[in-house]
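Remarks on the structure that follows.
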Amino acid sequence: MATDRSTKDSPPSGGGENGQEVVPAFVAMHDDPRFQLLKRKLFRFVLPASITFLAWYLLYVLMSAFGRDVMGVVLFGSVNVALVFGILQFASTFGIAVLYTMYARKNLDPLAAELRGEIEGGRKGAAE
Amino acid sequence: MISLAQEAVNESGRLVTIVLFSLMVAATLGITVWAGRNTRSATDFHSGGRGFSPLQNGLAIGSDYMSAASFLGIAGMIALFGYDGFLYSIGFLVAWLVALLLVAELLRNSGRYTMGDVLSYRMQQRPVRTAASVSTLVVSIFYLLAQMVGAGALIALLLGIQEGETFLGMDAATAKIVGIVVVGLLMTVYVTFGGMKGTTWVQIIKAIILMAGAALLTVLTLALYGFNLGALMSDAAAASGQEGFLEPGLRYGVEVAGDPLQTMWNKLDLISLGMALVLGTAGLPHILIRFYTVPDSQSARKSVNWGIGLIGVFYLMTLVLGFGAAALVGHEAIRAQDAAGNTAAPQLAQTVGEQIGGSMAGAVLLAIIASAAFAAILSTVAGLVIASSSSLAHDFYNSVLRGGKATGAEEVRVAKIAALCVGVVSILLAVFAQNLNVAFLVSLAFAMAASANLPTLLLSLFWKRFNTTGALAGIYGGLISAVGLVFFSPVVSGSETALFPGADFAWFPLPNPALVSVPISVLCAVVGTLMSKEQDSGKFMMLQVRALTGAGAEKAADH
């Protein structure tokens with residue numbers, strides 16, 4: 001449905017003088033409710049996750065700069081709050097990476113593949 | 001006082017080091033020749049044919065990132081300042097979440113060879129690609145200088161050439177220059193003959209050498225303490241002779257007694273540094289182009305995950321190595337060899353080897369770690385050269401000068417010439433910049449990437465109204481404010497440790513500019529955008545559909 005013959009001579013990867021040619025199939029897809037859903041699903045994870053890890057890291061740096069009394073409290077042996085806080089930054093980085101990968105695989109990849117197939121199938125049909 | 005026996009061990013140690021260095025160089029040159037035979041198209045040269053697996057690319061990402069500055073520099077910082085070195089490495093790691101969540105997949109889907117592809121997607125090609133190329137070159141050359149200056153000093157130190165000593169007729173100063181020239185020639189050869197394919201394979205092998213070397217030394221160090229990390233840490237704290245070795249504050253955000261203003265600046269500088277580290281990574285051109293070497297965006301995601309895993313484990317090992325050096329080598333011995341602590345890890349290798357198997361074992365372990373460090377330098381500089389030459393050839397030559405009409409073969413030829421020029425220029429600059437502080441150059445490169453590149457990249461991908469004027473204002477505003485603020489900071493003048501200690505034109509109190517230059521860049525981008533009427537919704541929709549679905553994304557080469 002969303003095909004356009006004019007696309008065959010100007011693949012979207014072309015970077016001519018005027019930049020990327022606008023391909024109607026892509027623009028049409030932007031207003032497709034499924035694409036809007038994909039976009040919402042991406043933002044629904046990426047925005048809160050980014051705000052969380054940036055705030056969590058900022059808290060760590062602020063504590064390192066201004067909260068040294070707390071950071072220096074020894075928990076056991078030679079382990080203090082600062083060390084645990086630092087290790088937790090490692091843990092949260094690994095954790096968010098794993099969570100995002102699982103989320104993307106389940107919620108983003110199938111939908112992206114479906115839409116991609118539709119656009120490219122249409123384009124191929126037009127080009128061949 | 002060095003005894004004759006000690007002298008003989010030094011000599012044989014150097015021999016082992018040189019043999020290992022030479023083996024590594026021969027092996028990597030072999031790979032380069034092989035990869036060069038398989039490099040035909042522009043896609044092969046710029047992006048290694050896009051056929052690398054996520055694990056391979058993850059290793060190469062680690063290799064690009066775990067430069068000598070982060071391996072030797074962070075281990076040394078932990079050895080001398082304890083906790084603050086660890087704090088530094090955390091910024092380097094957390095930064096990868098920005099790349100994973102906001103940049104890697106979208107860039108892979110919408111770009112072709114360079115960062116400029118994505119920045120200029122919706123904009124007027126010539127001005128934006130010129131800006132992208134300028135910013136790529138400036139950031140990469142600063143980073144390159146840091147690595148090469150470090151390489152020169154390290155080679156002199158790793159071969160054990162001290163002030164006043166000579167080796168093969170070279171004194172320490174000559175050895176430094178020879179080190180810079182050798183590293184510069186090797187990186188130019190890797191890139192010119194092997195392209196991205198050769199560079200990536202060199203990086204994969206070096207990541208393995210570096211991880212294996214660091215793991216070996218970590219296990220041996222822990223073994224000396226019966227795998228009791230707590231004992232190692234309390235020993236390190238005791239041997240450091242400093243209060244609060246296991247707490248933040250010895251290196252960054254230092255509290256100056258009786259000077260609350262300076263204390264405040266120091267603490268703000270720590271926050272500024274944290275910001276540069278976290279926001280800089282996803283704006284480093286040589287990191288960004290790695291995402292183009294895999295077949296699709298899912299592979300780009302997986303390769304970032306591999307990278308995060310490798311880099312995270314590596315920094316945890318660095319923590320053990322740094323504490324190990326503090327405990328076993330000792331503060332005085334480390335500072336005596338290199339005031340910045342860059343040789344703490346190699347010194348630890350020698351000490352641990354000696355304690356386990358005598359002086360010969362010490363020499364061998366030192367040689368292994370020295371080679372791993374040398375590998376780290378070579379793979380990072382090669383990545384920087386290819387980022388610069390691809391941007392010069394693809395963004396500047398093809399798109400700006402030739403209006404996008406150059407063939408792939410022409411682009412590759414220009415890229416090779418560009419690699420040669422970047423190599424020669426950086427060798428010359430590094431020889432003259434030998435006395436610059438390596439850590440300062442690295443943090444400046446991160447601050448520039450965080451200011452000039454990341455805000456513009458994100459606005460391009462996510463802000464509909466964004467346009468050419470905004471992109472230019474963001475890139476140049478970020479770049480100029482970062483460089484300008486550093487120029488008027490205590491790093492350049494007005495303090496004893498400044499570049500020009502005699503002069504004083506410093507009015508900006510923070511050595512790291514990111515806290516101010518990143519907001520300036522965002523402000524410039526927004527104001528610039530609103531001042532121009534240009535807005536292309538069609539291209540924005542096209543870019544978003546392409547970035548999110550992967551439709552129309554560049555495919556892997558067939559062969």
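Just so we're on the same page: first chain in the structure tokens is A, next is B, and so on; residues restart at 1 for each chain, and ligands are numbered from 1 in the order they show up.
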Q: Find the residues around segment 373-384 of chain B up to 8 Å (only C-alpha atoms counted), leave out those fewer than 4 positions away in its own chain, and share them as a PyMOL selection string.
A: chain B and resi 21+24+63-68+71-72+140-141+143-144+147-148+151+155+183+186-188+190-191+199+202-203+206-207+209-210+285-286+369+388
Q.
Taking only C-alpha atoms into account and nothing else, which residues of chain B lie no more than 6 Å away from chain A? Please answer as a PyMOL selection string.
A. chain B and resi 94+101+125+230+234+247-248+253+267+403-404+539+541-542+545+549+551
Same residues, C-alpha atoms, saved as a tab-separated table (two decimals), in the first residue's frame:
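again_26.tsv, freshly written:
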```tsv
chain	number	residue	atom	x	y	z
B	94	VAL	CA	27.96	4.58	33.85
B	101	LEU	CA	19.71	3.68	25.82
B	125	GLN	CA	24.61	19.08	4.25
B	230	GLY	CA	39.51	-6.79	53.05
B	234	SER	CA	43.46	-2.35	54.94
B	247	GLU	CA	37.20	7.60	51.15
B	248	PRO	CA	36.62	10.23	48.48
B	253	GLY	CA	37.03	17.94	45.51
B	267	LYS	CA	33.97	20.25	44.75
B	403	GLY	CA	28.60	17.42	-3.20
B	404	GLY	CA	28.21	13.70	-2.48
B	539	LYS	CA	12.88	14.63	7.08
B	541	MET	CA	9.60	11.86	10.39
B	542	MET	CA	11.77	9.96	7.95
B	545	VAL	CA	10.98	6.01	11.35
B	549	THR	CA	12.42	0.59	12.86
B	551	ALA	CA	13.99	0.35	7.71
```
**Q.** All strand (DSSP E or B) residues (DSSP, backbone) inside segment 102-329 of chain B, as a ChimeraX atom specification
**A.** /B:166-167,170-171
With C-alpha atoms kept, could you save the residues just selected as a short mmCIF file (atom, residue, chain, number, x, y, z; two decimals), in the first residue's frame?
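Saved to part-v1.cif:
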```
data_model
loop_
_atom_site.label_atom_id
_atom_site.label_comp_id
_atom_site.auth_asym_id
_atom_site.auth_seq_id
_atom_site.Cartn_x
_atom_site.Cartn_y
_atom_site.Cartn_z
CA THR B 166 70.82 5.03 28.32
CA PHE B 167 69.47 2.01 26.46
CA MET B 170 69.04 6.33 23.78
CA ASP B 171 68.56 8.48 26.84
#
```
**Q.** Spatial neighbours of Ala325 of chain B, 9 Å, only C-alpha atoms, chain gap at least 5 places, as a list of chain:residue names
**A.** B:Ala75, B:Gly76, B:Ile78, B:Ala79, B:Leu80, B:Ala236, B:Val320, B:Gly330, B:His331, B:Ile334, B:Ala344, B:Ala345, B:Gln347, B:Leu348, B:Ala349, B:Thr351
Can you pull out every residue within 8 Å of segment 410-414 of chain B, counting only C-alpha atoms, but drop anything in the same chain fewer than 3 positions away, and send it as an mmCIF file with C-alpha atoms, in the first residue's frame?
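What ended up in around-v1.cif:
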```
data_model
loop_
_atom_site.group_PDB
_atom_site.id
_atom_site.type_symbol
_atom_site.label_atom_id
_atom_site.label_comp_id
_atom_site.auth_asym_id
_atom_site.auth_seq_id
_atom_site.Cartn_x
_atom_site.Cartn_y
_atom_site.Cartn_z
ATOM 1 C CA SER B 41 34.626 -0.906 -0.843
ATOM 2 C CA ALA B 42 34.101 2.258 1.186
ATOM 3 C CA PHE B 45 37.216 0.716 4.812
ATOM 4 C CA ALA B 393 36.915 11.629 3.609
ATOM 5 C CA HIS B 394 33.185 11.015 3.968
ATOM 6 C CA TYR B 397 35.794 15.559 1.024
ATOM 7 C CA ASN B 398 32.811 13.723 -0.385
ATOM 8 C CA ALA B 406 32.598 10.977 -5.194
ATOM 9 C CA THR B 407 32.725 7.210 -5.760
ATOM 10 C CA ILE B 417 45.659 10.033 2.483
ATOM 11 C CA ALA B 418 43.780 11.618 5.398
#
```
Q | Residue contacts of Ala223 of chain B (10 Å, only C-alpha atoms) excluding same-chain residues fewer than 6 positions away, as a count of residues only | A | 4
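If you measure from each of B:Ser303, B:Asn453, B:Gln298, B:Gln262 to Leu510 of chain B using only C-alpha atoms, the closest one turns out to be B:Gln262.
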